file run24.cif (mmCIF, C-alpha atoms)
data_input
#
loop_
_atom_site.group_PDB
_atom_site.id
_atom_site.type_symbol
_atom_site.label_atom_id
_atom_site.label_comp_id
_atom_site.auth_asym_id
_atom_site.auth_seq_id
_atom_site.Cartn_x
_atom_site.Cartn_y
_atom_site.Cartn_z
ATOM 1 C CA MET A 29 97.513 -48.315 -162.361
ATOM 2 C CA ASP A 30 96.461 -51.960 -162.479
ATOM 3 C CA ILE A 31 94.486 -53.143 -159.439
ATOM 4 C CA LYS A 32 93.381 -56.723 -158.880
ATOM 5 C CA ILE A 33 91.043 -57.996 -156.204
ATOM 6 C CA LEU A 34 91.852 -61.611 -155.381
ATOM 7 C CA GLY A 35 88.994 -63.676 -154.042
ATOM 8 C CA THR A 36 86.614 -66.478 -154.864
ATOM 9 C CA GLY A 37 83.436 -64.453 -154.422
ATOM 10 C CA CYS A 38 82.986 -64.409 -150.642
ATOM 11 C CA PRO A 39 81.241 -61.409 -149.039
ATOM 12 C CA ARG A 40 84.564 -59.895 -147.870
ATOM 13 C CA CYS A 41 85.970 -60.141 -151.391
ATOM 14 C CA LYS A 42 82.922 -58.341 -152.785
ATOM 15 C CA THR A 43 83.206 -55.694 -150.055
ATOM 16 C CA LEU A 44 86.864 -55.061 -150.944
ATOM 17 C CA GLU A 45 86.013 -54.857 -154.639
ATOM 18 C CA LYS A 46 83.279 -52.254 -154.027
ATOM 19 C CA ALA A 47 85.410 -50.262 -151.575
ATOM 20 C CA THR A 48 88.291 -50.215 -154.066
ATOM 21 C CA GLN A 49 86.019 -49.046 -156.893
ATOM 22 C CA ASP A 50 84.620 -46.324 -154.608
ATOM 23 C CA VAL A 51 88.082 -45.046 -153.610
ATOM 24 C CA VAL A 52 89.326 -45.073 -157.216
ATOM 25 C CA THR A 53 86.282 -43.024 -158.248
ATOM 26 C CA GLU A 54 86.450 -40.676 -155.251
ATOM 27 C CA LEU A 55 90.140 -39.897 -155.722
ATOM 28 C CA GLY A 56 89.956 -39.774 -159.514
ATOM 29 C CA ILE A 57 92.678 -42.399 -159.860
ATOM 30 C CA GLU A 58 93.193 -43.640 -163.370
ATOM 31 C CA ALA A 59 93.134 -47.373 -162.811
ATOM 32 C CA THR A 60 91.837 -50.650 -164.119
ATOM 33 C CA VAL A 61 90.179 -52.680 -161.361
ATOM 34 C CA THR A 62 89.653 -56.366 -162.058
ATOM 35 C CA LYS A 63 88.549 -59.310 -159.936
ATOM 36 C CA GLU A 64 90.464 -62.582 -160.036
ATOM 37 C CA GLU A 65 88.351 -65.535 -158.883
ATOM 38 C CA ASP A 66 90.396 -68.434 -160.294
ATOM 39 C CA ILE A 67 91.916 -70.125 -157.235
ATOM 40 C CA MET A 68 94.946 -71.330 -159.202
ATOM 41 C CA LYS A 69 95.768 -67.783 -160.327
ATOM 42 C CA ILE A 70 95.167 -66.454 -156.810
ATOM 43 C CA MET A 71 97.630 -69.026 -155.445
ATOM 44 C CA GLU A 72 100.288 -67.727 -157.860
ATOM 45 C CA TYR A 73 100.369 -64.510 -155.796
ATOM 46 C CA GLY A 74 101.347 -66.491 -152.700
ATOM 47 C CA ILE A 75 98.566 -65.266 -150.443
ATOM 48 C CA MET A 76 97.136 -67.654 -147.893
ATOM 49 C CA ARG A 77 93.896 -65.802 -147.113
ATOM 50 C CA THR A 78 91.499 -63.799 -149.220
ATOM 51 C CA PRO A 79 90.610 -61.167 -150.048
ATOM 52 C CA GLY A 80 93.823 -59.924 -151.557
ATOM 53 C CA LEU A 81 94.674 -56.579 -153.087
ATOM 54 C CA VAL A 82 97.311 -56.366 -155.809
ATOM 55 C CA VAL A 83 98.520 -53.018 -157.117
ATOM 56 C CA ASP A 84 100.691 -53.032 -160.244
ATOM 57 C CA GLY A 85 101.603 -56.693 -159.711
ATOM 58 C CA LYS A 86 102.521 -56.352 -156.012
ATOM 59 C CA VAL A 87 100.409 -57.816 -153.197
ATOM 60 C CA VAL A 88 99.740 -54.939 -150.800
ATOM 61 C CA LEU A 89 97.104 -56.559 -148.568
ATOM 62 C CA SER A 90 95.605 -59.970 -147.864
ATOM 63 C CA GLY A 91 93.235 -61.629 -145.460
ATOM 64 C CA ARG A 92 91.119 -58.626 -144.519
ATOM 65 C CA VAL A 93 89.164 -55.630 -145.723
ATOM 66 C CA PRO A 94 90.976 -52.365 -144.936
ATOM 67 C CA SER A 95 89.328 -49.194 -143.676
ATOM 68 C CA SER A 96 88.555 -46.555 -146.269
ATOM 69 C CA SER A 97 91.459 -44.373 -145.118
ATOM 70 C CA GLU A 98 93.899 -47.315 -145.220
ATOM 71 C CA LEU A 99 92.701 -48.222 -148.706
ATOM 72 C CA LYS A 100 93.210 -44.632 -149.878
ATOM 73 C CA ASN A 101 96.737 -44.737 -148.460
ATOM 74 C CA LEU A 102 97.517 -48.044 -150.188
ATOM 75 C CA LEU A 103 96.365 -46.691 -153.543
ATOM 76 C CA THR A 104 98.129 -43.329 -153.367
ATOM 77 C CA THR A 105 101.593 -44.273 -152.073
#

call {"tool": "encode", "arguments": {"input": "run24.cif", "output": "structure tokens"}}
result
Amino acid sequence: MDIKILGTGCPRCKTLEKATQDVVTELGIEATVTKEEDIMKIMEYGIMRTPGLVVDGKVVLSGRVPSSSELKNLLTT
């Protein structure tokens, strides 16, 4: 699984990155988690607000930090 966190480095972006890493570790998901901070590359995903969460090339969330249970659901479905 390829997971990208889209954000320019704001506190919410960092929170989403840490929460995602924690869920991946907790659930034992085999995934690569990367952070994309280049605004031009972020814009290519078509999101209007950060942070954004991209799983295997598909934007699954943008503009907020999900709860832990919602994040687990997003990464396991």

call {"tool": "closest_residue", "arguments": {"input": "run24.cif", "among": "A:Met68, A:Val83, A:Gly35, A:Glu54", "to": "A:Thr105", "atoms": "all atoms listed in the file"}}
result
A:Val83

call {"tool": "resolve_selection", "arguments": {"input": "run24.cif", "expression": "the PyMOL selection byres ((chain A and resi 80) around 7)", "output": "PDB file with C-alpha atoms, in the coordinates of the input"}}
result
ATOM      1  CA  ILE A  33      91.043 -57.996-156.204  1.00  0.00           C
ATOM      2  CA  LEU A  34      91.852 -61.611-155.381  1.00  0.00           C
ATOM      3  CA  GLY A  35      88.994 -63.676-154.042  1.00  0.00           C
ATOM      4  CA  THR A  78      91.499 -63.799-149.220  1.00  0.00           C
ATOM      5  CA  PRO A  79      90.610 -61.167-150.048  1.00  0.00           C
ATOM      6  CA  LEU A  81      94.674 -56.579-153.087  1.00  0.00           C
ATOM      7  CA  VAL A  82      97.311 -56.366-155.809  1.00  0.00           C
ATOM      8  CA  LEU A  89      97.104 -56.559-148.568  1.00  0.00           C
ATOM      9  CA  SER A  90      95.605 -59.970-147.864  1.00  0.00           C
ATOM     10  CA  GLY A  91      93.235 -61.629-145.460  1.00  0.00           C
TER      11      GLY A  91
END

call {"tool": "atom_distance", "arguments": {"input": "run24.cif", "atom1": "atom CA of A:Thr53", "atom2": "atom CA of A:Glu98"}}
result
15.7 Å

call {"tool": "axis_aligned_box", "arguments": {"input": "run24.cif", "around": "stretch 77-92 of chain A", "padding_each_side": "8 Å", "output": "AutoDock Vina command-line options"}}
result
--center_x 96.6 --center_y -59.4 --center_z -152.4 --size_x 27.9 --size_y 28.8 --size_z 31.7

call {"tool": "resolve_selection", "arguments": {"input": "run24.cif", "expression": "the PyMOL selection byres ((chain A and resi 60-62) around 6)", "output": "PDB file with C-alpha atoms, in the coordinates of the input"}}
result
ATOM      1  CA  ASP A  30      96.461 -51.960-162.479  1.00  0.00           C
ATOM      2  CA  ILE A  31      94.486 -53.143-159.439  1.00  0.00           C
ATOM      3  CA  LYS A  32      93.381 -56.723-158.880  1.00  0.00           C
ATOM      4  CA  ALA A  59      93.134 -47.373-162.811  1.00  0.00           C
ATOM      5  CA  LYS A  63      88.549 -59.310-159.936  1.00  0.00           C
TER       6      LYS A  63
END

call {"tool": "atom_distance", "arguments": {"input": "run24.cif", "atom1": "atom CA of A:Leu44", "atom2": "atom CA of A:Ile70"}}
result
15.3 Å

call {"tool": "closest_residue", "arguments": {"input": "run24.cif", "among": "A:Leu99, A:Gly74, A:Thr104, A:Val88", "to": "A:Thr48", "atoms": "all atoms listed in the file"}}
result
A:Leu99

call {"tool": "resolve_selection", "arguments": {"input": "run24.cif", "expression": "the PyMOL selection byres ((chain A and resi 96) around 12)", "output": "JSON, numbers by chain"}}
result
{"A": [43, 44, 46, 47, 48, 49, 50, 51, 52, 54, 55, 93, 94, 95, 97, 98, 99, 100, 101, 102, 103]}

call {"tool": "decode", "arguments": {"input": "run24.cif", "residues": "stretch 43-63 of chain A", "atoms": "N, CA and C atoms", "output": "PDB file, in the first residue's frame"}}
result
ATOM      1  N   THR A  43      -0.012  16.188  12.432  1.00  0.00           N
ATOM      2  CA  THR A  43      -0.867  15.317  13.238  1.00  0.00           C
ATOM      3  C   THR A  43      -1.369  14.150  12.408  1.00  0.00           C
ATOM      4  N   LEU A  44      -1.809  14.416  11.175  1.00  0.00           N
ATOM      5  CA  LEU A  44      -2.286  13.344  10.294  1.00  0.00           C
ATOM      6  C   LEU A  44      -1.155  12.377   9.962  1.00  0.00           C
ATOM      7  N   GLU A  45       0.031  12.905   9.718  1.00  0.00           N
ATOM      8  CA  GLU A  45       1.165  12.039   9.401  1.00  0.00           C
ATOM      9  C   GLU A  45       1.462  11.096  10.571  1.00  0.00           C
ATOM     10  N   LYS A  46       1.504  11.621  11.790  1.00  0.00           N
ATOM     11  CA  LYS A  46       1.787  10.789  12.961  1.00  0.00           C
ATOM     12  C   LYS A  46       0.672   9.780  13.190  1.00  0.00           C
ATOM     13  N   ALA A  47      -0.582  10.225  13.088  1.00  0.00           N
ATOM     14  CA  ALA A  47      -1.714   9.320  13.298  1.00  0.00           C
ATOM     15  C   ALA A  47      -1.697   8.185  12.272  1.00  0.00           C
ATOM     16  N   THR A  48      -1.364   8.513  11.031  1.00  0.00           N
ATOM     17  CA  THR A  48      -1.303   7.496   9.979  1.00  0.00           C
ATOM     18  C   THR A  48      -0.199   6.492  10.275  1.00  0.00           C
ATOM     19  N   GLN A  49       0.975   6.978  10.655  1.00  0.00           N
ATOM     20  CA  GLN A  49       2.085   6.087  11.006  1.00  0.00           C
ATOM     21  C   GLN A  49       1.679   5.172  12.160  1.00  0.00           C
ATOM     22  N   ASP A  50       1.000   5.742  13.165  1.00  0.00           N
ATOM     23  CA  ASP A  50       0.579   4.960  14.330  1.00  0.00           C
ATOM     24  C   ASP A  50      -0.399   3.861  13.940  1.00  0.00           C
ATOM     25  N   VAL A  51      -1.377   4.173  13.088  1.00  0.00           N
ATOM     26  CA  VAL A  51      -2.369   3.183  12.667  1.00  0.00           C
ATOM     27  C   VAL A  51      -1.718   2.094  11.820  1.00  0.00           C
ATOM     28  N   VAL A  52      -0.832   2.475  10.915  1.00  0.00           N
ATOM     29  CA  VAL A  52      -0.123   1.494  10.087  1.00  0.00           C
ATOM     30  C   VAL A  52       0.649   0.522  10.981  1.00  0.00           C
ATOM     31  N   THR A  53       1.332   1.047  11.984  1.00  0.00           N
ATOM     32  CA  THR A  53       2.096   0.209  12.907  1.00  0.00           C
ATOM     33  C   THR A  53       1.172  -0.662  13.744  1.00  0.00           C
ATOM     34  N   GLU A  54       0.124  -0.063  14.295  1.00  0.00           N
ATOM     35  CA  GLU A  54      -0.807  -0.788  15.167  1.00  0.00           C
ATOM     36  C   GLU A  54      -1.481  -1.948  14.445  1.00  0.00           C
ATOM     37  N   LEU A  55      -1.895  -1.711  13.200  1.00  0.00           N
ATOM     38  CA  LEU A  55      -2.607  -2.742  12.449  1.00  0.00           C
ATOM     39  C   LEU A  55      -1.676  -3.678  11.680  1.00  0.00           C
ATOM     40  N   GLY A  56      -0.391  -3.371  11.673  1.00  0.00           N
ATOM     41  CA  GLY A  56       0.564  -4.210  10.960  1.00  0.00           C
ATOM     42  C   GLY A  56       0.383  -4.151   9.451  1.00  0.00           C
ATOM     43  N   ILE A  57      -0.060  -3.017   8.954  1.00  0.00           N
ATOM     44  CA  ILE A  57      -0.264  -2.837   7.518  1.00  0.00           C
ATOM     45  C   ILE A  57       1.089  -2.662   6.842  1.00  0.00           C
ATOM     46  N   GLU A  58       1.275  -3.379   5.767  1.00  0.00           N
ATOM     47  CA  GLU A  58       2.501  -3.207   4.999  1.00  0.00           C
ATOM     48  C   GLU A  58       2.290  -2.035   4.051  1.00  0.00           C
ATOM     49  N   ALA A  59       2.903  -0.912   4.387  1.00  0.00           N
ATOM     50  CA  ALA A  59       2.666   0.301   3.615  1.00  0.00           C
ATOM     51  C   ALA A  59       3.880   1.199   3.647  1.00  0.00           C
ATOM     52  N   THR A  60       3.978   2.022   2.622  1.00  0.00           N
ATOM     53  CA  THR A  60       4.969   3.080   2.564  1.00  0.00           C
ATOM     54  C   THR A  60       4.224   4.385   2.806  1.00  0.00           C
ATOM     55  N   VAL A  61       4.609   5.108   3.841  1.00  0.00           N
ATOM     56  CA  VAL A  61       3.969   6.385   4.163  1.00  0.00           C
ATOM     57  C   VAL A  61       4.959   7.496   3.852  1.00  0.00           C
ATOM     58  N   THR A  62       4.549   8.399   2.960  1.00  0.00           N
ATOM     59  CA  THR A  62       5.409   9.522   2.602  1.00  0.00           C
ATOM     60  C   THR A  62       4.633  10.821   2.781  1.00  0.00           C
ATOM     61  N   LYS A  63       5.370  11.904   2.902  1.00  0.00           N
ATOM     62  CA  LYS A  63       4.761  13.228   3.078  1.00  0.00           C
ATOM     63  C   LYS A  63       5.103  14.058   1.857  1.00  0.00           C
TER      64      LYS A  63
END
